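Structure data follow from upload_23.pdb (PDB, C-alpha atoms, pLDDT in the B column):
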MODEL        1
ATOM      1  CA  MET A   1     -10.917  -7.056 -18.036  1.00 36.00           C
ATOM      2  CA  ASN A   2     -10.610  -8.253 -14.465  1.00 39.00           C
ATOM      3  CA  GLU A   3      -7.667 -10.353 -13.376  1.00 39.00           C
ATOM      4  CA  GLN A   4      -9.433 -13.594 -14.271  1.00 47.00           C
ATOM      5  CA  GLN A   5     -10.384 -12.503 -17.785  1.00 51.00           C
ATOM      6  CA  VAL A   6      -7.013 -13.303 -19.283  1.00 78.00           C
ATOM      7  CA  VAL A   7      -7.933 -14.061 -22.886  1.00 94.00           C
ATOM      8  CA  ARG A   8      -7.141 -11.338 -25.430  1.00 95.00           C
ATOM      9  CA  VAL A   9      -7.603 -12.572 -28.978  1.00 97.00           C
ATOM     10  CA  GLN A  10      -6.168 -10.579 -31.873  1.00 97.00           C
ATOM     11  CA  ARG A  11      -7.188 -10.768 -35.526  1.00 97.00           C
ATOM     12  CA  ALA A  12      -4.928 -10.313 -38.539  1.00 97.00           C
ATOM     13  CA  GLY A  13      -5.124 -10.828 -42.271  1.00 96.00           C
ATOM     14  CA  ARG A  14      -2.753 -12.233 -44.872  1.00 95.00           C
ATOM     15  CA  ILE A  15      -2.973 -12.757 -48.623  1.00 94.00           C
ATOM     16  CA  GLU A  16      -3.344 -16.410 -49.532  1.00 93.00           C
ATOM     17  CA  ASP A  17      -4.846 -18.171 -52.560  1.00 90.00           C
ATOM     18  CA  GLY A  18      -5.734 -14.846 -54.150  1.00 90.00           C
ATOM     19  CA  ALA A  19      -7.654 -13.358 -51.235  1.00 92.00           C
ATOM     20  CA  CYS A  20      -7.210 -11.947 -47.757  1.00 95.00           C
ATOM     21  CA  ARG A  21      -7.701 -14.702 -45.184  1.00 94.00           C
ATOM     22  CA  HIS A  22      -8.074 -13.868 -41.515  1.00 96.00           C
ATOM     23  CA  LEU A  23      -6.654 -15.564 -38.460  1.00 97.00           C
ATOM     24  CA  LEU A  24      -7.103 -15.279 -34.704  1.00 98.00           C
ATOM     25  CA  VAL A  25      -4.204 -15.291 -32.240  1.00 98.00           C
ATOM     26  CA  TRP A  26      -4.102 -15.628 -28.462  1.00 98.00           C
ATOM     27  CA  ARG A  27      -0.634 -14.641 -27.237  1.00 98.00           C
ATOM     28  CA  ALA A  28      -0.907 -16.400 -23.901  1.00 97.00           C
ATOM     29  CA  GLY A  29       2.782 -16.191 -23.005  1.00 96.00           C
ATOM     30  CA  PRO A  30       4.585 -18.423 -20.495  1.00 96.00           C
ATOM     31  CA  GLY A  31       2.767 -20.038 -17.613  1.00 96.00           C
ATOM     32  CA  TRP A  32       0.196 -22.047 -19.534  1.00 97.00           C
ATOM     33  CA  ARG A  33      -0.268 -25.751 -20.156  1.00 98.00           C
ATOM     34  CA  MET A  34      -2.529 -26.866 -22.969  1.00 98.00           C
ATOM     35  CA  ALA A  35      -4.096 -30.057 -24.219  1.00 98.00           C
ATOM     36  CA  GLY A  36      -5.788 -30.405 -27.534  1.00 97.00           C
ATOM     37  CA  SER A  37      -6.127 -31.815 -31.003  1.00 97.00           C
ATOM     38  CA  GLY A  38      -4.552 -29.028 -33.047  1.00 96.00           C
ATOM     39  CA  VAL A  39      -2.592 -30.292 -36.047  1.00 95.00           C
ATOM     40  CA  LEU A  40       0.286 -28.086 -34.859  1.00 98.00           C
ATOM     41  CA  GLY A  41       1.296 -28.396 -31.220  1.00 98.00           C
ATOM     42  CA  GLY A  42      -1.495 -30.763 -30.244  1.00 97.00           C
ATOM     43  CA  GLY A  43      -1.156 -33.165 -27.348  1.00 98.00           C
ATOM     44  CA  LEU A  44      -0.320 -31.999 -23.851  1.00 97.00           C
ATOM     45  CA  GLY A  45       2.401 -29.627 -22.676  1.00 97.00           C
ATOM     46  CA  GLU A  46       3.416 -26.026 -22.092  1.00 98.00           C
ATOM     47  CA  ARG A  47       2.276 -23.729 -24.892  1.00 98.00           C
ATOM     48  CA  HIS A  48       2.674 -19.968 -25.322  1.00 98.00           C
ATOM     49  CA  TRP A  49       0.133 -19.165 -28.023  1.00 98.00           C
ATOM     50  CA  VAL A  50      -2.870 -20.403 -29.976  1.00 98.00           C
ATOM     51  CA  LEU A  51      -3.530 -19.598 -33.638  1.00 98.00           C
ATOM     52  CA  ASN A  52      -6.817 -20.297 -35.452  1.00 98.00           C
ATOM     53  CA  ALA A  53      -6.421 -19.685 -39.190  1.00 97.00           C
ATOM     54  CA  GLN A  54      -9.143 -19.400 -41.800  1.00 95.00           C
ATOM     55  CA  VAL A  55      -8.247 -21.165 -45.058  1.00 94.00           C
ATOM     56  CA  ARG A  56     -10.043 -21.402 -48.365  1.00 90.00           C
ATOM     57  CA  ALA A  57     -12.865 -23.820 -49.020  1.00 84.00           C
ATOM     58  CA  GLY A  58     -11.365 -26.958 -50.536  1.00 84.00           C
ATOM     59  CA  TYR A  59      -8.032 -26.464 -48.765  1.00 87.00           C
ATOM     60  CA  GLY A  60      -5.664 -29.062 -50.193  1.00 84.00           C
ATOM     61  CA  ARG A  61      -2.202 -28.616 -48.699  1.00 90.00           C
ATOM     62  CA  MET A  62      -0.831 -31.870 -47.339  1.00 92.00           C
ATOM     63  CA  ASP A  63       1.429 -30.140 -44.799  1.00 96.00           C
ATOM     64  CA  PRO A  64      -0.987 -28.198 -42.566  1.00 96.00           C
ATOM     65  CA  ALA A  65       1.360 -28.239 -39.558  1.00 97.00           C
ATOM     66  CA  GLU A  66       4.116 -26.623 -41.626  1.00 97.00           C
ATOM     67  CA  HIS A  67       1.607 -24.141 -43.031  1.00 97.00           C
ATOM     68  CA  LEU A  68       0.477 -23.161 -39.541  1.00 98.00           C
ATOM     69  CA  ALA A  69       4.095 -22.805 -38.430  1.00 98.00           C
ATOM     70  CA  GLU A  70       4.658 -20.389 -41.322  1.00 98.00           C
ATOM     71  CA  LEU A  71       1.615 -18.358 -40.329  1.00 98.00           C
ATOM     72  CA  ALA A  72       2.766 -18.303 -36.699  1.00 98.00           C
ATOM     73  CA  ALA A  73       6.225 -17.066 -37.682  1.00 98.00           C
ATOM     74  CA  ALA A  74       4.670 -14.320 -39.805  1.00 97.00           C
ATOM     75  CA  GLN A  75       2.803 -13.163 -36.682  1.00 97.00           C
ATOM     76  CA  GLY A  76       6.010 -13.077 -34.668  1.00 98.00           C
ATOM     77  CA  LEU A  77       5.005 -16.040 -32.537  1.00 98.00           C
ATOM     78  CA  SER A  78       7.855 -18.034 -31.035  1.00 96.00           C
ATOM     79  CA  GLY A  79       8.266 -20.893 -28.638  1.00 96.00           C
ATOM     80  CA  PRO A  80       5.803 -23.757 -28.353  1.00 98.00           C
ATOM     81  CA  GLY A  81       2.244 -23.111 -29.464  1.00 98.00           C
ATOM     82  CA  THR A  82      -0.738 -24.764 -31.042  1.00 98.00           C
ATOM     83  CA  GLY A  83      -2.412 -24.121 -34.380  1.00 98.00           C
ATOM     84  CA  LEU A  84      -5.928 -24.822 -35.646  1.00 98.00           C
ATOM     85  CA  MET A  85      -7.480 -24.405 -39.108  1.00 96.00           C
ATOM     86  CA  THR A  86     -10.990 -23.820 -40.372  1.00 95.00           C
ATOM     87  CA  ALA A  87     -12.842 -22.912 -43.549  1.00 91.00           C
ATOM     88  CA  ALA A  88     -15.398 -21.111 -41.374  1.00 91.00           C
ATOM     89  CA  GLU A  89     -15.471 -17.343 -41.070  1.00 90.00           C
ATOM     90  CA  VAL A  90     -13.246 -16.537 -38.085  1.00 94.00           C
ATOM     91  CA  ASP A  91     -14.591 -12.973 -37.948  1.00 93.00           C
ATOM     92  CA  ALA A  92     -17.880 -14.480 -36.773  1.00 93.00           C
ATOM     93  CA  CYS A  93     -16.348 -16.112 -33.685  1.00 95.00           C
ATOM     94  CA  THR A  94     -18.456 -16.250 -30.552  1.00 96.00           C
ATOM     95  CA  TRP A  95     -17.265 -16.258 -26.980  1.00 96.00           C
ATOM     96  CA  ALA A  96     -18.559 -16.621 -23.458  1.00 96.00           C
ATOM     97  CA  GLU A  97     -17.178 -16.375 -19.934  1.00 96.00           C
ATOM     98  CA  ASP A  98     -18.347 -18.028 -16.732  1.00 97.00           C
ATOM     99  CA  GLY A  99     -16.658 -17.444 -13.403  1.00 96.00           C
ATOM    100  CA  GLY A 100     -13.264 -16.853 -15.026  1.00 96.00           C
ATOM    101  CA  ALA A 101     -13.472 -19.702 -17.549  1.00 97.00           C
ATOM    102  CA  THR A 102     -13.544 -18.481 -21.152  1.00 97.00           C
ATOM    103  CA  ALA A 103     -14.503 -20.152 -24.431  1.00 98.00           C
ATOM    104  CA  VAL A 104     -13.787 -18.703 -27.884  1.00 98.00           C
ATOM    105  CA  VAL A 105     -15.419 -20.576 -30.757  1.00 98.00           C
ATOM    106  CA  THR A 106     -15.392 -20.431 -34.545  1.00 97.00           C
ATOM    107  CA  THR A 107     -18.330 -22.319 -36.009  1.00 97.00           C
ATOM    108  CA  GLY A 108     -18.816 -23.814 -39.448  1.00 94.00           C
ATOM    109  CA  ILE A 109     -21.260 -26.718 -39.587  1.00 94.00           C
ATOM    110  CA  GLY A 110     -20.786 -27.805 -43.177  1.00 87.00           C
ATOM    111  CA  VAL A 111     -20.998 -31.520 -42.456  1.00 86.00           C
ATOM    112  CA  PRO A 112     -22.989 -32.203 -39.283  1.00 91.00           C
ATOM    113  CA  THR A 113     -22.343 -35.819 -38.411  1.00 91.00           C
ATOM    114  CA  TRP A 114     -22.386 -38.270 -35.532  1.00 93.00           C
ATOM    115  CA  ALA A 115     -19.015 -39.480 -34.344  1.00 93.00           C
ATOM    116  CA  ALA A 116     -20.037 -43.129 -34.819  1.00 94.00           C
ATOM    117  CA  ALA A 117     -21.623 -42.618 -38.240  1.00 87.00           C
ATOM    118  CA  PRO A 118     -20.697 -45.405 -40.711  1.00 83.00           C
ATOM    119  CA  ASP A 119     -19.197 -42.987 -43.254  1.00 73.00           C
ATOM    120  CA  LEU A 120     -19.034 -39.362 -44.340  1.00 62.00           C
ATOM    121  CA  PRO A 121     -22.065 -37.832 -46.012  1.00 59.00           C
ATOM    122  CA  SER A 122     -21.647 -37.010 -49.686  1.00 62.00           C
ATOM    123  CA  GLY A 123     -21.497 -33.421 -50.910  1.00 59.00           C
ATOM    124  CA  TYR A 124     -18.852 -32.079 -48.557  1.00 57.00           C
ATOM    125  CA  VAL A 125     -19.368 -28.424 -47.572  1.00 64.00           C
ATOM    126  CA  PRO A 126     -16.426 -26.932 -45.635  1.00 65.00           C
ATOM    127  CA  GLY A 127     -16.839 -26.207 -41.985  1.00 78.00           C
ATOM    128  CA  THR A 128     -15.244 -26.849 -38.629  1.00 94.00           C
ATOM    129  CA  ILE A 129     -16.038 -26.078 -35.006  1.00 97.00           C
ATOM    130  CA  ASN A 130     -12.832 -24.921 -33.323  1.00 98.00           C
ATOM    131  CA  ILE A 131     -12.875 -24.266 -29.586  1.00 98.00           C
ATOM    132  CA  LEU A 132     -10.336 -22.488 -27.410  1.00 98.00           C
ATOM    133  CA  ALA A 133     -11.263 -23.057 -23.761  1.00 98.00           C
ATOM    134  CA  VAL A 134      -9.300 -21.369 -20.969  1.00 98.00           C
ATOM    135  CA  VAL A 135      -9.234 -22.006 -17.224  1.00 98.00           C
ATOM    136  CA  PRO A 136      -7.031 -19.542 -15.263  1.00 96.00           C
ATOM    137  CA  ALA A 137      -6.027 -22.096 -12.620  1.00 96.00           C
ATOM    138  CA  PRO A 138      -3.534 -24.967 -12.367  1.00 97.00           C
ATOM    139  CA  VAL A 139      -5.112 -28.350 -13.126  1.00 97.00           C
ATOM    140  CA  SER A 140      -3.620 -31.837 -12.949  1.00 97.00           C
ATOM    141  CA  ASP A 141      -2.980 -33.832 -16.137  1.00 96.00           C
ATOM    142  CA  ALA A 142      -5.980 -36.033 -15.405  1.00 97.00           C
ATOM    143  CA  GLY A 143      -8.131 -32.995 -14.697  1.00 98.00           C
ATOM    144  CA  LEU A 144      -6.982 -31.360 -17.932  1.00 98.00           C
ATOM    145  CA  VAL A 145      -7.963 -34.404 -19.966  1.00 97.00           C
ATOM    146  CA  ASN A 146     -11.269 -34.370 -18.098  1.00 98.00           C
ATOM    147  CA  LEU A 147     -11.770 -30.720 -19.131  1.00 98.00           C
ATOM    148  CA  LEU A 148     -11.344 -31.764 -22.765  1.00 98.00           C
ATOM    149  CA  THR A 149     -14.121 -34.307 -22.339  1.00 98.00           C
ATOM    150  CA  THR A 150     -16.332 -31.814 -20.529  1.00 98.00           C
ATOM    151  CA  ALA A 151     -15.884 -29.182 -23.248  1.00 98.00           C
ATOM    152  CA  THR A 152     -16.768 -31.749 -25.914  1.00 98.00           C
ATOM    153  CA  GLU A 153     -19.884 -32.807 -24.021  1.00 98.00           C
ATOM    154  CA  ALA A 154     -20.932 -29.156 -23.731  1.00 98.00           C
ATOM    155  CA  LYS A 155     -20.401 -28.690 -27.486  1.00 98.00           C
ATOM    156  CA  VAL A 156     -22.651 -31.639 -28.302  1.00 98.00           C
ATOM    157  CA  GLN A 157     -25.320 -30.396 -25.882  1.00 98.00           C
ATOM    158  CA  ALA A 158     -25.268 -26.993 -27.597  1.00 98.00           C
ATOM    159  CA  LEU A 159     -25.546 -28.503 -31.074  1.00 98.00           C
ATOM    160  CA  LEU A 160     -28.564 -30.568 -30.066  1.00 98.00           C
ATOM    161  CA  GLU A 161     -30.224 -27.520 -28.524  1.00 98.00           C
ATOM    162  CA  ALA A 162     -29.526 -25.579 -31.728  1.00 97.00           C
ATOM    163  CA  GLY A 163     -31.502 -28.208 -33.641  1.00 97.00           C
ATOM    164  CA  TYR A 164     -28.637 -30.184 -35.183  1.00 96.00           C
ATOM    165  CA  ASP A 165     -28.817 -33.968 -35.258  1.00 95.00           C
ATOM    166  CA  CYS A 166     -25.086 -34.483 -34.796  1.00 95.00           C
ATOM    167  CA  SER A 167     -22.166 -34.585 -32.386  1.00 97.00           C
ATOM    168  CA  GLY A 168     -20.074 -32.168 -34.456  1.00 96.00           C
ATOM    169  CA  THR A 169     -18.265 -32.078 -37.793  1.00 94.00           C
ATOM    170  CA  PRO A 170     -15.531 -34.459 -38.985  1.00 90.00           C
ATOM    171  CA  SER A 171     -12.833 -31.798 -38.586  1.00 92.00           C
ATOM    172  CA  ASP A 172     -13.629 -30.204 -35.199  1.00 96.00           C
ATOM    173  CA  ALA A 173     -10.637 -29.249 -33.052  1.00 97.00           C
ATOM    174  CA  LEU A 174     -10.300 -28.295 -29.405  1.00 98.00           C
ATOM    175  CA  CYS A 175      -7.639 -26.680 -27.229  1.00 98.00           C
ATOM    176  CA  VAL A 176      -7.984 -26.365 -23.448  1.00 98.00           C
ATOM    177  CA  ALA A 177      -5.517 -24.141 -21.596  1.00 98.00           C
ATOM    178  CA  VAL A 178      -4.831 -24.103 -17.851  1.00 98.00           C
ATOM    179  CA  ARG A 179      -2.218 -22.416 -15.705  1.00 96.00           C
ATOM    180  CA  THR A 180       1.030 -24.130 -14.884  1.00 96.00           C
ATOM    181  CA  ALA A 181       1.543 -25.244 -11.279  1.00 89.00           C
ATOM    182  CA  LEU A 182       1.922 -22.475  -8.725  1.00 83.00           C
ATOM    183  CA  PRO A 183       4.218 -22.746  -5.656  1.00 85.00           C
ATOM    184  CA  GLY A 184       2.288 -23.758  -2.578  1.00 83.00           C
ATOM    185  CA  ARG A 185      -0.894 -24.491  -4.489  1.00 84.00           C
ATOM    186  CA  ASP A 186      -2.027 -27.979  -5.402  1.00 91.00           C
ATOM    187  CA  PRO A 187      -3.450 -28.241  -8.909  1.00 96.00           C
ATOM    188  CA  GLU A 188      -7.154 -28.879  -9.262  1.00 96.00           C
ATOM    189  CA  PRO A 189      -7.579 -32.670  -9.546  1.00 97.00           C
ATOM    190  CA  PHE A 190     -10.873 -32.736 -11.452  1.00 97.00           C
ATOM    191  CA  GLY A 191     -12.316 -31.289 -14.650  1.00 98.00           C
ATOM    192  CA  GLY A 192     -15.674 -33.035 -14.944  1.00 98.00           C
ATOM    193  CA  PRO A 193     -18.932 -31.140 -15.503  1.00 98.00           C
ATOM    194  CA  ARG A 194     -19.734 -30.893 -11.800  1.00 97.00           C
ATOM    195  CA  SER A 195     -16.239 -29.901 -10.691  1.00 98.00           C
ATOM    196  CA  PRO A 196     -15.730 -26.188  -9.900  1.00 97.00           C
ATOM    197  CA  TRP A 197     -13.804 -25.341 -13.071  1.00 98.00           C
ATOM    198  CA  GLY A 198     -15.342 -28.004 -15.279  1.00 98.00           C
ATOM    199  CA  SER A 199     -18.850 -26.691 -14.657  1.00 98.00           C
ATOM    200  CA  ARG A 200     -17.819 -23.115 -15.449  1.00 98.00           C
ATOM    201  CA  LEU A 201     -15.996 -24.158 -18.589  1.00 98.00           C
ATOM    202  CA  ALA A 202     -18.926 -26.301 -19.724  1.00 98.00           C
ATOM    203  CA  ARG A 203     -21.326 -23.378 -19.402  1.00 98.00           C
ATOM    204  CA  ALA A 204     -18.988 -21.058 -21.297  1.00 98.00           C
ATOM    205  CA  VAL A 205     -18.442 -23.568 -24.123  1.00 98.00           C
ATOM    206  CA  HIS A 206     -22.149 -24.368 -24.271  1.00 98.00           C
ATOM    207  CA  ARG A 207     -23.182 -20.726 -24.647  1.00 98.00           C
ATOM    208  CA  ALA A 208     -20.497 -19.901 -27.210  1.00 98.00           C
ATOM    209  CA  VAL A 209     -21.197 -22.969 -29.378  1.00 98.00           C
ATOM    210  CA  LEU A 210     -24.966 -22.501 -29.153  1.00 98.00           C
ATOM    211  CA  ALA A 211     -24.694 -18.908 -30.359  1.00 97.00           C
ATOM    212  CA  GLY A 212     -22.220 -19.869 -33.065  1.00 97.00           C
ATOM    213  CA  ALA A 213     -24.381 -22.742 -34.325  1.00 97.00           C
ATOM    214  CA  ARG A 214     -27.469 -20.574 -34.561  1.00 96.00           C
ATOM    215  CA  ALA A 215     -25.579 -17.798 -36.353  1.00 94.00           C
ATOM    216  CA  ASP A 216     -23.968 -20.282 -38.747  1.00 93.00           C
ATOM    217  CA  ARG A 217     -27.368 -21.646 -39.760  1.00 92.00           C
ATOM    218  CA  GLU A 218     -28.560 -18.122 -40.563  1.00 91.00           C
ATOM    219  CA  ARG A 219     -25.453 -17.421 -42.656  1.00 88.00           C
ATOM    220  CA  ARG A 220     -25.826 -20.665 -44.598  1.00 84.00           C
ATOM    221  CA  ALA A 221     -29.360 -19.813 -45.705  1.00 84.00           C
ATOM    222  CA  GLY A 222     -27.700 -18.049 -48.629  1.00 77.00           C
ATOM    223  CA  TRP A 223     -24.163 -19.319 -48.125  1.00 68.00           C
ATOM    224  CA  ASP A 224     -21.649 -19.450 -50.963  1.00 69.00           C
ATOM    225  CA  GLY A 225     -18.555 -19.427 -48.803  1.00 68.00           C
ATOM    226  CA  PRO A 226     -17.055 -17.015 -46.279  1.00 69.00           C
ATOM    227  CA  PRO A 227     -16.748 -13.457 -47.616  1.00 74.00           C
ATOM    228  CA  THR A 228     -13.343 -12.635 -49.064  1.00 79.00           C
ATOM    229  CA  HIS A 229     -11.609  -9.598 -50.506  1.00 87.00           C
ATOM    230  CA  PRO A 230      -8.492  -9.432 -52.677  1.00 89.00           C
ATOM    231  CA  ALA A 231      -6.356  -7.179 -50.461  1.00 89.00           C
ATOM    232  CA  THR A 232      -5.757  -6.752 -46.760  1.00 89.00           C
ATOM    233  CA  LEU A 233      -7.797  -3.839 -45.438  1.00 89.00           C
ATOM    234  CA  PRO A 234      -7.341  -1.702 -42.294  1.00 87.00           C
ATOM    235  CA  GLY A 235     -10.344  -3.399 -40.691  1.00 88.00           C
ATOM    236  CA  CYS A 236      -8.773  -6.846 -41.050  1.00 93.00           C
ATOM    237  CA  ALA A 237      -6.595  -6.204 -38.000  1.00 95.00           C
ATOM    238  CA  CYS A 238      -8.120  -6.040 -34.538  1.00 95.00           C
ATOM    239  CA  GLY A 239      -6.281  -5.810 -31.245  1.00 94.00           C
ATOM    240  CA  ASP A 240      -8.908  -7.666 -29.221  1.00 95.00           C
ATOM    241  CA  VAL A 241     -11.902  -9.236 -30.917  1.00 94.00           C
ATOM    242  CA  LEU A 242     -13.479 -10.065 -27.542  1.00 92.00           C
ATOM    243  CA  THR A 243     -14.060  -6.371 -26.812  1.00 88.00           C
ATOM    244  CA  ALA A 244     -14.539  -5.025 -30.336  1.00 79.00           C
ATOM    245  CA  GLY A 245     -17.861  -6.218 -31.640  1.00 59.00           C
ATOM    246  CA  THR A 246     -17.408  -9.982 -31.629  1.00 54.00           C
ATOM    247  CA  MET A 247     -20.477 -11.823 -30.435  1.00 58.00           C
ATOM    248  CA  ALA A 248     -20.299 -12.095 -26.677  1.00 57.00           C
ATOM    249  CA  VAL A 249     -22.845 -14.423 -25.122  1.00 62.00           C
ATOM    250  CA  ALA A 250     -24.382 -13.385 -21.825  1.00 55.00           C
TER     251      ALA A 250
ENDMDL
END

Show me this structure written as structure tokens.
Amino acid sequence: MNEQQVVRVQRAGRIEDGACRHLLVWRAGPGWRMAGSGVLGGGLGERHWVLNAQVRAGYGRMDPAEHLAELAAAQGLSGPGTGLMTAAEVDACTWAEDGGATAVVTTGIGVPTWAAAPDLPSGYVPGTINILAVVPAPVSDAGLVNLLTTATEAKVQALLEAGYDCSGTPSDALCVAVRTALPGRDPEPFGGPRSPWGSRLARAVHRAVLAGARADRERRAGWDGPPTHPATLPGCACGDVLTAGTMAVA
């Protein structure tokens, strides 16, 4: 990794609901500000880690934030962080990098829908598109919110190019991370798709979501749920999924 490629995502397993469920963890550490829609640690502020946990299809706990906090504690995570959930297979995450901006995506398109649809389709099939998007530079609050919008626009563009007639799924979540302010350096004021960092992030998100959407369609041709096993195996743990066989998108 060069000095700009700062995202190292680990994978771990835990026994839950009678099977080993995997989760992804980015231990960012201090010096990061994040904005996002995670049920745990969403909003805007300094965050030290991001956790993306796979749960069973038909997940029914009514305290997902507490559940994510329990999973974070079991991974030794402390301080402020953000947690996401998905019924999609986190092992199949895709990622892309563009000029230092990185996007890591888990893709499950169980219910493709338009944001302004009148109601949910019947026959719910679990799935969520979760996006971790990272810019290794300080960005203003307004610019950070703009990066959220840009990443969402790039996601929708990728879904349309993948042949989906939708803007996402009803449970998509997004976390954008930027560096905290540095002495003597003004934060970037903009995060739109033609700004320096917004354009890089958009391209990274677009490529990662496009690859994830295409792969998810192939999996669902004979899909009966993400593969599970009853016990945690040695291969469940991975020190860095971005350099160990996870789908990297050129």

Between A:Pro112, A:Gly239, A:Arg179, A:Ala213, which residue has the minimum interatomic distance to Asp165 (chain A), considering all atoms listed in the file?
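Under the stated criterion, the closest residue is A:Pro112.
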
Explicit residues for the PyMOL selection byres ((chain A and resi 136) around 6) (as a PyMOL selection string):
chain A and resi 135+137+178-179

Once the PyMOL selection byres ((chain A and resi 90) around 10) has been applied to the shown file, what residues remain in the selection, as a list in words?
Arg11, Arg21, His22, Leu23, Leu24, Asn52, Ala53, Gln54, Val55, Met85, Thr86, Ala87, Ala88, Glu89, Asp91, Ala92, Cys93, Thr94, Val105, Thr106, Thr107, Gly108, Asn130 and Pro226 of chain A

If we count all atoms listed in the file, what is near Gly191 (chain A) at a cut-off of 9 Å, once residues fewer than 4 positions away on the same chain are taken out, given as a list in words?
Val139, Ser140, Ala142, Gly143, Leu144, Val145, Asn146, Leu147, Leu148, Thr149, Thr150, Ser195, Pro196, Trp197, Gly198, Ser199 and Leu201 of chain A

Suppose we keep C-alpha atoms; can you now write the selection as a PDB file, in the coordinates of the input?
ATOM      1  CA  VAL A 139      -5.112 -28.350 -13.126  1.00 97.00           C
ATOM      2  CA  SER A 140      -3.620 -31.837 -12.949  1.00 97.00           C
ATOM      3  CA  ALA A 142      -5.980 -36.033 -15.405  1.00 97.00           C
ATOM      4  CA  GLY A 143      -8.131 -32.995 -14.697  1.00 98.00           C
ATOM      5  CA  LEU A 144      -6.982 -31.360 -17.932  1.00 98.00           C
ATOM      6  CA  VAL A 145      -7.963 -34.404 -19.966  1.00 97.00           C
ATOM      7  CA  ASN A 146     -11.269 -34.370 -18.098  1.00 98.00           C
ATOM      8  CA  LEU A 147     -11.770 -30.720 -19.131  1.00 98.00           C
ATOM      9  CA  LEU A 148     -11.344 -31.764 -22.765  1.00 98.00           C
ATOM     10  CA  THR A 149     -14.121 -34.307 -22.339  1.00 98.00           C
ATOM     11  CA  THR A 150     -16.332 -31.814 -20.529  1.00 98.00           C
ATOM     12  CA  SER A 195     -16.239 -29.901 -10.691  1.00 98.00           C
ATOM     13  CA  PRO A 196     -15.730 -26.188  -9.900  1.00 97.00           C
ATOM     14  CA  TRP A 197     -13.804 -25.341 -13.071  1.00 98.00           C
ATOM     15  CA  GLY A 198     -15.342 -28.004 -15.279  1.00 98.00           C
ATOM     16  CA  SER A 199     -18.850 -26.691 -14.657  1.00 98.00           C
ATOM     17  CA  LEU A 201     -15.996 -24.158 -18.589  1.00 98.00           C
TER      18      LEU A 201
END

With only C-alpha atoms as the counted atoms, please give the residues lying no more than 9 Å from Ala28 (chain A), apart from itself and same-chain residues fewer than 6 positions off, as a list of chain:residue names.
A:Val6, A:Val7, A:Arg8, A:Arg47, A:His48, A:Trp49, A:Val50

Gap from CA of Ala96 (chain A) to CA of Ala204 (chain A) - Å, one decimal:
5.0 Å

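Of the residues listed (A:Ala133, A:Ala115, A:Val25, A:Leu71), A:Ala133 shows the shortest atom-to-atom separation from Arg203 (chain A); distances use all atoms listed in the file.
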
Of the listed residues A:Gly18, A:Gly81, A:Pro138, A:Pro230, that which approaches Pro189 (chain A) most closely, counting only C-alpha atoms:
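Of A:Gly18, A:Gly81, A:Pro138, A:Pro230, the one nearest Pro189 (chain A) is A:Pro138, counting only C-alpha atoms.
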
CA of Gly168 (chain A) to CA of Gly212 (chain A) measures 12.6 Å

I would like the residues chosen by the PyMOL selection byres ((chain A and resi 57) around 6) on the shown file; could you give them as a ChimeraX atom specification?
/A:56,58-59,87,126

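Separating CA of Gly222 (chain A) from CA of Gly163 (chain A) is a distance of 18.5 Å.
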
Compare A:Gly235, A:Gly110, A:Pro187, A:Gly42 by their minimum atom-to-atom distance to Cys166 (chain A), counting all atoms listed in the file, and give me the closest one.
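Of all the options, A:Gly110 lies closest to Cys166 (chain A).
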
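Comparing A:Ala173, A:Gly192, A:Ala181, A:Val209 by their smallest distance to Glu161 (chain A), the closest is A:Val209 (using all atoms listed in the file).
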